[in-house]
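K.L.:
If you scroll down you'll find the structure; I have some questions about it.
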Amino acid sequence: MKNYQFYRKDGTLFIFKNQPVFIFILAILMFIAAGMVYKIRLPLLGVVLIAFGVLIIVNFFAKKLVIDTVQKTVTGKHSIFVPAKTYSFADFTGFRVVAMKYMGFITTNVMLAIHFNVNGKEEKLTIGQALTHKGIQKMVNETEDIMSLNENIR
């Protein structure tokens with residue numbers, strides 16, 4: 001049995017491990033900004049930033065991605081506002097990596113999404129985020145391995 005860095009195995013299900021460090025840092029930054037804004041006598045904006053920080057934490061617990069290797073499906077839920085969707089491996093079209101850059105050359109965030117073609121419509125599920133392309137490449141490799149995408153090529 002392989003040990004995965006980004007997934008935990010539960011029977012035939014592989015559940016993506018959410019990244020608490022990134023979310024924790026983002027929420028703390030929101031709370032610090034709220035405190036600073038509140039101090040400069042903008043209490044309404046401070047309350048809005050606190051609510052946004054709480055929403056970030058709640059979304060962390062609501063977000064999930066589950067790969068079922070027996071039913072050959074991927075089920076994902078982006079946030080508390082979006083219902084869970086299930087896609088078949090047969091509808092898989094590829095991965096997309098999006099890198100956000102500051103001033104055109106400093107990478108600040110890299111996001112990985114998996115794309116599906118369902119009844120002629122392109123749909124995507126966000127898998128995860130990292131600060132480097134190396135971390136995202138590991139996510140792609142693990143997801144490909146779990147979905148057995150490279151077995152048909154050999």
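In the structure tokens, each chain is lettered A, B, ... as it comes, each chain's residues begin at 1, and ligands are numbered from 1 in order of appearance.
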Pick out each residue of chain A that DSSP on the backbone tags as strand (DSSP E); I need them as a VMD selection string.
P.N.:
chain A and resid 7 to 10 13 to 16 64 to 68 73 to 77 85 to 88 92 to 102 106 to 118 121 to 130
K.L.:
Do a neighbour search on segment 15-21 of chain A at 12 Å with only C-alpha atoms, toss out local chain neighbours closer than 4 positions, and write the hits as number ranges by chain.
P.N.:
A: 4-11, 25-28, 56-69, 74-78, 126-131, 135, 139, 142-143, 146
K.L.:
Have a look at A:Phe81, A:Phe14, A:Phe52, A:Phe22 and name the one nearest to Thr108 of chain A; count only C-alpha atoms.
P.N.:
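The shortest atom-to-atom distance to Thr108 of chain A comes from A:Phe22.
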K.L.:
Set the distance at 10 Å and use only C-alpha atoms: which residues neighbour Gly94 of chain A once local chain neighbours fewer than 4 positions away are removed? I'd like the list as a JSON list (two decimals) with C-alpha atoms, in the first residue's frame.
P.N.:
[["chain", "number", "residue", "atom", "x", "y", "z"],
["A", 113, "ALA", "CA", -8.11, 21.87, -10.84],
["A", 114, "ILE", "CA", -9.37, 18.67, -12.45],
["A", 115, "HIS", "CA", -11.55, 19.06, -15.55],
["A", 116, "PHE", "CA", -14.43, 16.92, -16.77],
["A", 117, "ASN", "CA", -16.54, 17.00, -19.94],
["A", 124, "LYS", "CA", -14.00, 21.64, -13.01],
["A", 144, "GLU", "CA", -3.16, 10.26, -11.43]]
K.L.:
Taking only C-alpha atoms into account, name the residue in A:Val37, A:Val140, A:Leu112, A:Leu13 that is nearest to Val70 of chain A.
P.N.:
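Checking each candidate against Val70 of chain A, we get A:Leu13 as the closest.
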K.L.:
So that I can check the secondary structure, give me every residue of chain A assigned alpha helix (DSSP H) by backbone DSSP, as a PyMOL selection string.
P.N.:
chain A and resi 20-39+43-62+133-147
K.L.:
Looking at only C-alpha atoms, which of A:Phe24, A:Asn109, A:Thr73, A:Asp145 is the one that sits closest to Thr132 of chain A?
P.N.:
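Closest residue, counting only C-alpha atoms: A:Asn109.
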K.L.:
Any idea what's packed within 9 Å of Ile50 of chain A, counting only C-alpha atoms, ignoring anything in its chain fewer than 6 positions away? Could you give it as a PyMOL selection string?
P.N.:
chain A and resi 27+30-31+33-35
K.L.:
Taking N, CA and C atoms for each residue, export the selection above as an mmCIF file, in the first residue's frame.
P.N.:
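Just written: result34.cif:
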data_model
loop_
_atom_site.group_PDB
_atom_site.id
_atom_site.type_symbol
_atom_site.label_atom_id
_atom_site.label_comp_id
_atom_site.auth_asym_id
_atom_site.auth_seq_id
_atom_site.Cartn_x
_atom_site.Cartn_y
_atom_site.Cartn_z
ATOM 1 N N ALA A 27 -6.804 33.140 7.512
ATOM 2 C CA ALA A 27 -7.783 33.587 8.512
ATOM 3 C C ALA A 27 -7.135 34.531 9.519
ATOM 4 N N MET A 30 -6.829 37.903 8.064
ATOM 5 C CA MET A 30 -8.131 38.584 8.056
ATOM 6 C C MET A 30 -8.437 39.175 9.428
ATOM 7 N N PHE A 31 -8.163 38.416 10.483
ATOM 8 C CA PHE A 31 -8.449 38.899 11.829
ATOM 9 C C PHE A 31 -7.531 40.068 12.208
ATOM 10 N N ALA A 33 -6.196 42.199 10.040
ATOM 11 C CA ALA A 33 -6.697 43.334 9.255
ATOM 12 C C ALA A 33 -7.959 43.901 9.900
ATOM 13 N N ALA A 34 -8.834 43.027 10.406
ATOM 14 C CA ALA A 34 -10.063 43.484 11.055
ATOM 15 C C ALA A 34 -9.732 44.313 12.297
ATOM 16 N N GLY A 35 -8.773 43.847 13.074
ATOM 17 C CA GLY A 35 -8.370 44.596 14.269
ATOM 18 C C GLY A 35 -7.800 45.956 13.923
#
K.L.:
Fewer than 5 positions away in the same chain doesn't count, so skip those; otherwise give me all residues within 12 Å of Met36 of chain A, counting only C-alpha atoms, as a VMD selection string.
P.N.:
chain A and resid 29 to 31 41 to 43 45 to 47 49 to 50
K.L.:
Would you mind telling me which residue in A:Leu149, A:Phe105, A:Val48, A:Lys138 lies nearest to Thr93 of chain A when using only C-alpha atoms?
P.N.:
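The closest residue to Thr93 of chain A is A:Leu149.
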K.L.:
Just checking: using only C-alpha atoms, which residue out of A:Lys85, A:His133, A:Lys39, A:Lys72 ends up closest to Thr12 of chain A?
P.N.:
A:Lys72
